[in-house]
$ cat start39.cif   # mmCIF, C-alpha atoms
data_data
#
loop_
_atom_site.label_atom_id
_atom_site.label_comp_id
_atom_site.auth_asym_id
_atom_site.auth_seq_id
_atom_site.Cartn_x
_atom_site.Cartn_y
_atom_site.Cartn_z
CA MET A 904 41.21 -191.27 78.54
CA LEU A 905 43.06 -193.17 75.84
CA ILE A 906 41.84 -193.39 72.25
CA GLY A 907 40.51 -196.94 72.56
CA GLU A 908 38.35 -196.04 75.53
CA VAL A 909 37.13 -192.88 73.78
CA ALA A 910 36.19 -194.90 70.71
CA ARG A 911 34.29 -197.41 72.84
CA ARG A 912 32.34 -194.80 74.75
CA SER A 913 31.65 -192.37 71.90
CA GLY A 914 30.94 -194.87 69.15
CA VAL A 915 33.47 -193.09 66.92
CA SER A 916 36.13 -195.43 65.64
CA ALA A 917 39.79 -194.88 66.50
CA ARG A 918 40.51 -194.49 62.80
CA MET A 919 37.91 -191.69 62.53
CA LEU A 920 39.30 -190.01 65.65
CA ARG A 921 42.73 -189.96 64.02
CA HIS A 922 41.12 -188.50 60.90
CA TYR A 923 39.49 -185.77 62.97
CA GLU A 924 42.90 -185.01 64.47
CA SER A 925 44.51 -184.81 61.02
CA LEU A 926 41.87 -182.24 60.01
CA GLY A 927 42.33 -180.23 63.19
CA LEU A 928 38.79 -180.87 64.38
CA VAL A 929 39.79 -182.36 67.73
CA ARG A 930 43.27 -182.82 69.16
CA PRO A 931 44.05 -184.86 72.28
CA THR A 932 45.01 -182.51 75.09
CA ASP A 933 47.85 -184.72 76.37
CA ARG A 934 50.09 -187.65 75.58
CA THR A 935 51.09 -190.37 77.98
CA GLY A 936 54.71 -191.07 78.76
CA ALA A 937 54.59 -193.78 76.14
CA GLY A 938 53.24 -191.30 73.55
CA TYR A 939 49.64 -192.49 73.47
CA ARG A 940 46.88 -189.93 72.84
CA GLU A 941 45.07 -188.89 76.00
CA TYR A 942 41.71 -187.12 75.68
CA SER A 943 40.31 -184.77 78.29
CA ASP A 944 36.65 -184.37 79.19
CA GLU A 945 36.57 -181.23 77.03
CA ASP A 946 38.00 -183.17 74.10
CA ILE A 947 35.28 -185.79 74.48
CA ARG A 948 32.56 -183.10 74.63
CA ARG A 949 33.94 -181.69 71.38
CA ILE A 950 33.79 -185.15 69.77
CA PHE A 951 30.12 -185.40 70.69
CA HIS A 952 29.53 -181.89 69.27
CA ILE A 953 31.18 -182.96 66.02
CA GLU A 954 28.98 -186.04 65.77
CA SER A 955 25.83 -184.02 66.54
CA LEU A 956 26.58 -181.55 63.74
CA ARG A 957 27.45 -184.35 61.33
CA SER A 958 24.05 -185.91 62.07
CA LEU A 959 22.46 -182.77 60.61
CA GLY A 960 24.25 -183.34 57.32
CA LEU A 961 27.14 -180.90 57.77
CA SER A 962 30.39 -181.69 56.06
CA LEU A 963 33.50 -181.94 58.25
CA ARG A 964 34.65 -178.61 56.86
CA GLU A 965 31.33 -177.01 57.87
CA VAL A 966 31.59 -178.66 61.29
CA GLY A 967 35.00 -177.08 61.80
CA ARG A 968 33.69 -173.62 60.88
CA ALA A 969 30.66 -174.02 63.12
CA LEU A 970 32.83 -174.91 66.13
CA ASP A 971 35.78 -172.59 65.62
CA ASP A 972 34.62 -169.49 63.69
CA PRO A 973 33.12 -166.97 66.18
CA GLY A 974 31.43 -165.07 63.35
CA PHE A 975 29.80 -168.14 61.89
CA THR A 976 26.00 -168.06 62.16
CA PRO A 977 23.86 -171.19 61.78
CA SER A 978 20.81 -169.68 60.04
CA GLY A 979 22.21 -169.58 56.51
CA LEU A 980 23.80 -173.00 56.85
CA VAL A 981 20.62 -174.58 58.23
CA ALA A 982 18.61 -173.08 55.35
CA GLY A 983 21.04 -174.63 52.91
CA LEU A 984 20.80 -177.98 54.68
CA ILE A 985 17.02 -177.85 54.46
CA ARG A 986 17.19 -177.13 50.74
CA ARG A 987 19.68 -179.93 50.07
CA THR A 988 17.67 -182.37 52.18
CA ARG A 989 14.49 -181.58 50.26
CA GLU A 990 16.31 -182.09 46.97
CA ARG A 991 17.68 -185.41 48.18
CA ILE A 992 14.25 -186.53 49.40
CA ALA A 993 12.72 -185.61 46.02
CA VAL A 994 15.33 -187.67 44.19
CA GLU A 995 14.92 -190.63 46.54
CA THR A 996 11.12 -190.39 46.34
CA GLU A 997 11.25 -190.45 42.55
CA LEU A 998 13.51 -193.49 42.67
CA LEU A 999 11.22 -195.22 45.18
CA THR A 1000 8.19 -194.52 42.98
CA ARG A 1001 9.94 -195.93 39.92
CA LEU A 1002 10.98 -199.06 41.82
CA ARG A 1003 7.47 -199.59 43.20
CA ARG A 1004 6.00 -199.30 39.73
CA ILE A 1005 8.48 -201.76 38.30
CA GLY A 1006 7.71 -204.12 41.17
CA ALA A 1007 3.97 -203.76 40.56
CA ALA A 1008 4.50 -204.92 36.98
CA GLU A 1009 5.81 -208.22 38.43
CA PRO A 1010 8.65 -208.68 35.93
CA ASP A 1011 9.83 -212.22 35.32
CA ALA A 1012 13.18 -211.29 33.82
CA TRP A 1013 15.54 -208.33 33.52
CA GLU A 1014 14.30 -207.82 29.97
CA ASP A 1015 10.85 -207.16 31.42
CA VAL A 1016 12.36 -204.66 33.85
CA LEU A 1017 14.12 -202.81 31.04
CA GLN A 1018 10.94 -202.71 28.95
CA THR A 1019 8.95 -201.32 31.87
CA VAL A 1020 11.60 -198.67 32.56
CA ALA A 1021 11.59 -197.66 28.89
CA LEU A 1022 7.81 -197.36 28.89
CA LEU A 1023 7.76 -195.28 32.07
CA GLN A 1024 10.36 -192.98 30.56
CA ALA A 1025 8.31 -192.69 27.38
CA LEU A 1026 5.22 -191.71 29.39
CA ALA A 1027 7.27 -188.78 30.75
CA SER A 1028 8.65 -187.80 27.33
CA LYS A 1029 8.31 -184.25 26.02
CA SER A 1030 7.06 -185.70 22.72
CA PRO A 1031 3.26 -186.19 22.56
CA GLU A 1032 3.75 -188.90 19.95
CA GLN A 1033 6.03 -190.89 22.26
CA ARG A 1034 3.63 -190.48 25.18
CA GLN A 1035 0.72 -191.66 23.03
CA ARG A 1036 2.63 -194.70 21.78
CA ALA A 1037 3.60 -195.53 25.37
CA ALA A 1038 -0.04 -195.32 26.48
CA LEU A 1039 -1.15 -197.66 23.72
CA SER A 1040 1.77 -200.03 24.32
CA SER A 1041 0.88 -200.26 28.00
CA VAL A 1042 -2.14 -202.34 27.01
CA GLU A 1043 -0.89 -204.21 23.99
CA GLU A 1044 2.75 -204.93 24.84
CA VAL A 1045 4.22 -204.11 28.26
CA PRO A 1046 1.92 -203.76 31.31
CA VAL A 1047 2.36 -200.44 33.09
CA PRO A 1048 1.33 -200.03 36.74
CA VAL A 1049 -2.05 -198.30 37.07
CA GLU A 1050 -0.51 -195.67 39.35
CA ALA A 1051 1.76 -194.51 36.52
CA LEU A 1052 -1.13 -194.37 34.06
CA VAL A 1053 -3.25 -192.34 36.48
CA GLU A 1054 -0.41 -189.90 37.15
CA ALA A 1055 0.13 -189.46 33.42
CA ALA A 1056 -3.60 -189.05 32.72
CA LEU A 1057 -4.01 -186.38 35.40
CA SER A 1058 -1.13 -184.31 34.03
CA GLU A 1059 -1.65 -184.79 30.28
CA THR A 1060 -2.62 -181.67 28.30
CA ASP A 1061 -2.54 -183.08 24.76
CA PRO A 1062 -6.09 -184.28 23.91
CA ASN A 1063 -4.92 -187.19 21.75
CA VAL A 1064 -2.52 -188.48 24.37
CA ALA A 1065 -5.13 -187.94 27.08
CA GLY A 1066 -7.60 -190.06 25.13
CA ALA A 1067 -5.04 -192.84 24.75
CA LEU A 1068 -4.28 -192.75 28.47
CA ARG A 1069 -7.98 -192.94 29.38
CA TRP A 1070 -8.34 -195.87 27.00
CA ALA A 1071 -5.39 -197.61 28.65
CA LEU A 1072 -6.81 -196.96 32.11
CA ALA A 1073 -10.21 -198.32 31.12
CA ARG A 1074 -8.51 -201.56 30.07
CA SER A 1075 -6.22 -201.85 33.04
CA GLY A 1076 -8.64 -203.97 35.05
CA GLY A 1077 -10.70 -201.24 36.71
CA ASP A 1078 -8.20 -200.61 39.52
CA GLY A 1079 -7.59 -196.97 38.66
CA TRP A 1080 -10.70 -195.43 40.19
CA PRO A 1081 -9.42 -195.25 43.81
CA LEU A 1082 -6.40 -193.28 42.57
CA LEU A 1083 -8.58 -191.05 40.40
CA ALA A 1084 -10.62 -190.23 43.51
CA LYS A 1085 -7.60 -188.32 44.79
CA GLY A 1086 -7.48 -186.39 41.53
CA LEU A 1087 -11.10 -185.30 42.08
CA GLY A 1088 -9.92 -183.55 45.22
CA SER A 1089 -7.11 -181.66 43.51
CA PRO A 1090 -7.01 -177.87 43.98
CA ALA A 1091 -6.42 -177.56 40.21
CA ALA A 1092 -9.62 -177.45 38.13
CA ASP A 1093 -7.98 -179.00 35.06
CA VAL A 1094 -6.74 -181.97 37.10
CA ARG A 1095 -10.22 -182.51 38.56
CA GLU A 1096 -11.72 -182.49 35.08
CA ARG A 1097 -9.16 -184.98 33.77
CA ALA A 1098 -9.86 -187.22 36.75
CA VAL A 1099 -13.61 -187.38 36.15
CA GLN A 1100 -13.13 -187.84 32.40
CA ALA A 1101 -10.89 -190.83 33.04
CA LEU A 1102 -13.26 -192.15 35.69
CA ALA A 1103 -16.16 -191.94 33.23
CA GLU A 1104 -14.47 -194.50 30.98
CA ILE A 1105 -13.81 -197.06 33.73
CA SER A 1106 -16.47 -199.71 34.17
CA GLY A 1107 -17.38 -201.52 37.34
CA ASP A 1108 -19.35 -200.94 40.53
CA GLY A 1109 -16.52 -199.08 42.25
CA ALA A 1110 -16.21 -196.48 39.52
CA THR A 1111 -20.00 -196.09 39.27
CA ALA A 1112 -20.30 -195.57 43.03
CA LEU A 1113 -17.60 -192.91 42.92
CA LEU A 1114 -19.36 -191.17 40.03
CA ARG A 1115 -22.57 -191.16 42.10
CA ASP A 1116 -20.71 -189.46 44.94
CA THR A 1117 -19.26 -187.00 42.45
CA LEU A 1118 -22.75 -185.68 41.65
CA ALA A 1119 -22.37 -183.69 44.88
CA HIS A 1120 -18.91 -182.38 43.98
CA PRO A 1121 -18.48 -178.60 44.45
CA ASP A 1122 -17.03 -178.25 40.94
CA ILE A 1123 -19.93 -177.94 38.47
CA VAL A 1124 -17.78 -179.13 35.56
CA VAL A 1125 -16.96 -182.32 37.44
CA ARG A 1126 -20.64 -182.84 38.30
CA ARG A 1127 -21.63 -182.49 34.66
CA HIS A 1128 -19.09 -185.03 33.43
CA ALA A 1129 -20.23 -187.44 36.13
CA ALA A 1130 -23.89 -186.98 35.18
CA LEU A 1131 -23.23 -187.77 31.52
CA ALA A 1132 -21.32 -190.92 32.46
CA LEU A 1133 -24.02 -192.04 34.88
CA GLY A 1134 -26.76 -191.33 32.37
CA ALA A 1135 -25.06 -193.74 29.96
CA ARG A 1136 -25.00 -196.32 32.78
CA GLY A 1137 -28.70 -195.95 33.49
CA VAL A 1138 -28.29 -194.26 36.89
CA ALA A 1139 -31.37 -192.16 37.62
CA GLU A 1140 -29.60 -189.93 40.16
CA ALA A 1141 -28.02 -188.11 37.23
CA VAL A 1142 -31.36 -186.71 35.99
CA PRO A 1143 -31.41 -183.38 37.93
CA THR A 1144 -27.90 -182.45 36.77
CA LEU A 1145 -28.68 -183.47 33.18
CA VAL A 1146 -31.80 -181.29 33.16
CA ASP A 1147 -29.75 -178.39 34.54
CA MET A 1148 -27.27 -178.91 31.69
CA VAL A 1149 -30.04 -178.60 29.09
CA VAL A 1150 -31.24 -175.40 30.77
CA ALA A 1151 -27.72 -173.94 30.98
CA GLU A 1152 -26.78 -174.99 27.41
CA ALA A 1153 -23.82 -176.86 28.87
CA ASN A 1154 -23.17 -179.81 26.56
CA ASP A 1155 -26.95 -179.81 26.27
CA VAL A 1156 -27.17 -182.15 23.25
CA ASP A 1157 -25.30 -184.91 25.08
CA ALA A 1158 -27.34 -184.22 28.21
CA ALA A 1159 -30.59 -184.56 26.23
CA ASP A 1160 -29.35 -187.83 24.73
CA ALA A 1161 -28.53 -189.13 28.20
CA LEU A 1162 -32.00 -188.16 29.44
CA SER A 1163 -33.55 -189.99 26.48
CA ALA A 1164 -31.53 -193.11 27.27
CA LEU A 1165 -32.60 -192.98 30.91
CA ALA A 1166 -36.25 -192.42 29.95
CA GLY A 1167 -36.10 -195.59 27.89
CA THR A 1168 -35.46 -197.68 31.02
CA GLY A 1169 -39.07 -197.42 32.23
CA PRO A 1170 -42.27 -195.36 32.09
CA ALA A 1171 -42.00 -194.08 35.66
CA LEU A 1172 -38.59 -192.52 35.07
CA ALA A 1173 -39.70 -191.24 31.66
CA ASP A 1174 -42.62 -189.38 33.24
CA ASP A 1175 -40.37 -188.04 36.00
CA ILE A 1176 -37.90 -186.66 33.44
CA ALA A 1177 -40.70 -185.17 31.35
CA GLY A 1178 -42.17 -183.53 34.45
CA ARG A 1179 -38.83 -181.96 35.34
CA LEU A 1180 -38.43 -180.58 31.82
CA VAL A 1181 -41.97 -179.19 31.87
CA ASP A 1182 -41.34 -177.51 35.23
CA ARG A 1183 -38.36 -175.68 33.77
CA LEU A 1184 -40.45 -174.60 30.76
CA ALA A 1185 -42.55 -172.53 33.12
CA ASP A 1186 -39.73 -170.01 33.45
CA HIS A 1187 -40.58 -167.07 31.17
CA SER A 1188 -37.91 -164.71 32.49
CA HIS A 1189 -35.92 -162.45 30.19
CA GLY A 1190 -33.97 -164.39 27.56
CA ALA A 1191 -35.91 -167.59 28.19
CA SER A 1192 -36.90 -168.27 24.57
CA ALA A 1193 -33.73 -170.15 23.55
CA ARG A 1194 -33.73 -172.09 26.81
CA ARG A 1195 -37.39 -173.11 26.37
CA ARG A 1196 -36.68 -174.27 22.82
CA ARG A 1197 -33.88 -176.52 24.11
CA LEU A 1198 -36.21 -177.97 26.71
CA THR A 1199 -38.86 -178.57 24.05
CA GLU A 1200 -36.35 -180.38 21.86
CA ALA A 1201 -35.29 -182.49 24.84
CA LEU A 1202 -38.93 -183.44 25.46
CA ALA A 1203 -39.16 -184.80 21.93
CA GLU A 1204 -36.96 -187.77 22.87
CA ILE A 1205 -38.81 -188.62 26.09
CA PRO A 1206 -41.45 -191.34 25.67
CA GLY A 1207 -44.70 -191.44 27.59
CA VAL A 1208 -47.97 -189.57 28.06
CA THR A 1209 -46.51 -186.73 30.14
CA ALA A 1210 -44.08 -185.67 27.42
CA ALA A 1211 -46.70 -186.07 24.66
CA ARG A 1212 -49.24 -183.90 26.49
CA ALA A 1213 -46.64 -181.26 27.23
CA LEU A 1214 -45.61 -181.08 23.59
CA ALA A 1215 -49.24 -180.81 22.49
CA GLU A 1216 -49.74 -177.87 24.83
CA LEU A 1217 -46.53 -176.24 23.66
CA THR A 1218 -47.83 -176.13 20.08
CA ARG A 1219 -50.07 -173.32 21.37
CA ASP A 1220 -47.29 -171.55 23.29
CA ASP A 1221 -47.14 -167.74 23.15
CA ASP A 1222 -43.54 -167.99 22.02
CA ARG A 1223 -43.90 -168.81 18.34
CA ALA A 1224 -40.40 -170.34 18.15
CA VAL A 1225 -41.31 -172.75 20.95
CA ALA A 1226 -44.70 -173.52 19.40
CA VAL A 1227 -43.17 -174.27 15.99
CA THR A 1228 -40.49 -176.46 17.59
CA ALA A 1229 -43.12 -178.38 19.57
CA ALA A 1230 -45.29 -178.91 16.49
CA TYR A 1231 -42.32 -180.13 14.51
CA VAL A 1232 -41.00 -182.58 17.09
CA LEU A 1233 -44.52 -183.79 17.83
CA GLY A 1234 -44.92 -184.61 14.16
CA ILE A 1235 -41.72 -186.66 13.96
CA ARG A 1236 -41.88 -188.05 17.48
CA ASP A 1237 -41.43 -191.77 17.98
CA PRO A 1238 -44.87 -192.96 19.17
CA ARG A 1239 -43.36 -195.08 21.96
#
$ encode --input "start39.cif" --output "structure tokens"
Amino acid sequence: MLIGEVARRSGVSARMLRHYESLGLVRPTDRTGAGYREYSDEDIRRIFHIESLRSLGLSLREVGRALDDPGFTPSGLVAGLIRRTRERIAVETELLTRLRRIGAAEPDAWEDVLQTVALLQALASKSPEQRQRAALSSVEEVPVPVEALVEAALSETDPNVAGALRWALARSGGDGWPLLAKGLGSPAADVRERAVQALAEISGDGATALLRDTLAHPDIVVRRHAALALGARGVAEAVPTLVDMVVAEANDVDAADALSALAGTGPALADDIAGRLVDRLADHSHGASARRRRLTEALAEIPGVTAARALAELTRDDDRAVAVTAAYVLGIRDPR
């Protein structure tokens, strides 16, 4: 078969076939009387073998070794190809992500593109000051895609920068909460906590609904952050977790404030909260004194008859510290 026919059937150009010949990869078995290259069936099979190996990413030099070196084993080469392919995919994925983010910013001119690129680079800077400035600029100067802000917020360890990123996310239009939902499912506890902290600062029904769902999260730290945020939004479902926080002395002052705010939304909820606090006061197990004092202090900020009666009874409590606390808070209690 002459070179033109081989090229047509194999899909390998005549020029490339000549290149293969110059490298010694495949040589035509015969020549015609006129000197034209004539390929045998074995030659054509070798051409297809070359193309198959090239499709795996082998260089022509590696192809030659694979076909001609009897001692050549594929395992090491394949492992290297896998490594190089993963590296190439990582680079291409990073490029694709950057392009998508620039596209999401909807630039009107190349100057806008350059500004967005500069801001994305600043968000990835090793300098906390640069990252903080980039977070603030993303709201005031150059819009940054929400996806980039979420990624930065979930990975940020500097508290000042993290605060700036949460502020930027809260002002990004409320579109960050679906992305933060993925962060709540992270296997890393610190990422989950950053996700719920950022979510707590985003307003809107979508974020509130996600926070409600998060009250059932297996991570207690995440549940507590969600409860504090929901308490500030007047969501009664947060009450059990907030009461547990007072009992456990886990950010108990903020939890008590959130319970007070919720109790102010109506007498029925106020009495429910007071009843829950009173129920926990019944625990007199070892080491309960400090816990019962915290619960008594929390009752002081709950309006309604149930809380007032409980405090009056606590002034006669066997634990003098609890009784003194109850008498004091009862004396300064807002008569709502």
$ atom_distance --input "start39.cif" --atom1 "CA of Lys1085 (chain A)" --atom2 "CA of Ala1098 (chain A)"
8.4 Å
$ resolve_selection --input "start39.cif" --expression "the PyMOL selection byres ((chain A and resi 1205) around 10)" --output "list in words"
Ala1159, Asp1160, Leu1162, Ser1163, Ala1164, Leu1165, Ala1166, Gly1167, Pro1170, Leu1172, Ala1173, Asp1174, Ile1176, Ala1177, Leu1180, Glu1200, Ala1201, Leu1202, Ala1203, Glu1204, Pro1206, Gly1207, Val1208, Thr1209, Ala1210, Ala1211, Arg1236, Asp1237 and Arg1239 of chain A
$ resolve_selection --input "start39.cif" --expression "the PyMOL selection byres ((chain A and resi 941) around 10)" --output "PyMOL selection string"
chain A and resi 904-909+930-935+938-940+942-943+946
$ write_last_selection --input "start39.cif" --atoms "C-alpha atoms" --output "PDB file, keeping the file's coordinate frame"
ATOM      1  CA  MET A 904      41.210-191.270  78.540  1.00  0.00           C
ATOM      2  CA  LEU A 905      43.060-193.170  75.840  1.00  0.00           C
ATOM      3  CA  ILE A 906      41.840-193.390  72.250  1.00  0.00           C
ATOM      4  CA  GLY A 907      40.510-196.940  72.560  1.00  0.00           C
ATOM      5  CA  GLU A 908      38.350-196.040  75.530  1.00  0.00           C
ATOM      6  CA  VAL A 909      37.130-192.880  73.780  1.00  0.00           C
ATOM      7  CA  ARG A 930      43.270-182.820  69.160  1.00  0.00           C
ATOM      8  CA  PRO A 931      44.050-184.860  72.280  1.00  0.00           C
ATOM      9  CA  THR A 932      45.010-182.510  75.090  1.00  0.00           C
ATOM     10  CA  ASP A 933      47.850-184.720  76.370  1.00  0.00           C
ATOM     11  CA  ARG A 934      50.090-187.650  75.580  1.00  0.00           C
ATOM     12  CA  THR A 935      51.090-190.370  77.980  1.00  0.00           C
ATOM     13  CA  GLY A 938      53.240-191.300  73.550  1.00  0.00           C
ATOM     14  CA  TYR A 939      49.640-192.490  73.470  1.00  0.00           C
ATOM     15  CA  ARG A 940      46.880-189.930  72.840  1.00  0.00           C
ATOM     16  CA  TYR A 942      41.710-187.120  75.680  1.00  0.00           C
ATOM     17  CA  SER A 943      40.310-184.770  78.290  1.00  0.00           C
ATOM     18  CA  ASP A 946      38.000-183.170  74.100  1.00  0.00           C
TER      19      ASP A 946
END
$ atom_distance --input "start39.cif" --atom1 "CA of Arg921 (chain A)" --atom2 "CA of Thr976 (chain A)"
27.6 Å
$ residues_around --input "start39.cif" --residues "Gly1086 (chain A)" --least-positions-apart "3" --cutoff "12 Å" --atoms "all atoms listed in the file" --output "JSON, numbers by chain"
{"A": [1050, 1053, 1054, 1055, 1056, 1057, 1058, 1079, 1080, 1081, 1082, 1083, 1089, 1090, 1091, 1092, 1093, 1094, 1095, 1096, 1097, 1098, 1099, 1100, 1101, 1102, 1117, 1125]}
$ resolve_selection --input "start39.cif" --expression "the PyMOL selection byres ((chain A and resi 1025-1040) around 10)" --output "PyMOL selection string"
chain A and resi 1019-1024+1041-1047+1051-1052+1054-1056+1059-1072
$ residues_around --input "start39.cif" --residues "Thr1199 (chain A)" --least-positions-apart "4" --cutoff "8 Å" --atoms "only C-alpha atoms" --output "list of chain:residue names"
A:Leu1184, A:Arg1195, A:Ala1203, A:Leu1214, A:Val1225, A:Thr1228, A:Ala1229
$ closest_residue --input "start39.cif" --among "A:Gly1076, A:Pro1121, A:Gly1178, A:Gly1134" --to "Ser1106 (chain A)" --atoms "all atoms listed in the file"
A:Gly1076
$ atom_distance --input "start39.cif" --atom1 "CA of Ala1213 (chain A)" --atom2 "CA of Ile1235 (chain A)"
15.1 Å
$ residues_around --input "start39.cif" --residues "Leu926 (chain A)" --least-positions-apart "6" --cutoff "12 Å" --atoms "only C-alpha atoms" --output "CSV table (one decimal) with C-alpha atoms, in the frame of the given file"
chain,number,residue,atom,x,y,z
A,919,MET,CA,37.9,-191.7,62.5
A,920,LEU,CA,39.3,-190.0,65.6
A,963,LEU,CA,33.5,-181.9,58.2
A,964,ARG,CA,34.6,-178.6,56.9
A,965,GLU,CA,31.3,-177.0,57.9
A,966,VAL,CA,31.6,-178.7,61.3
A,967,GLY,CA,35.0,-177.1,61.8
A,968,ARG,CA,33.7,-173.6,60.9
$ residues_around --input "start39.cif" --residues "Ala1151 (chain A)" --least-positions-apart "4" --cutoff "8 Å" --atoms "only C-alpha atoms" --output "PyMOL selection string"
chain A and resi 1147+1155+1194
$ residues_around --input "start39.cif" --residues "Val1149 (chain A)" --least-positions-apart "4" --cutoff "7 Å" --atoms "only C-alpha atoms" --output "VMD selection string"
chain A and resid 1145 1153 1155 1158 to 1159 1197 to 1198
$ closest_residue --input "start39.cif" --among "A:Arg1136, A:Val981, A:Gly1006, A:Ile947" --to "Arg911 (chain A)" --atoms "all atoms listed in the file"
A:Ile947
$ closest_residue --input "start39.cif" --among "A:His1120, A:Arg1183, A:Arg949, A:Arg1074" --to "Tyr923 (chain A)" --atoms "only C-alpha atoms"
A:Arg949
$ closest_residue --input "start39.cif" --among "A:Ala1161, A:Ala917, A:Leu1133, A:Ala993" --to "Asp1108 (chain A)" --atoms "only C-alpha atoms"
A:Leu1133
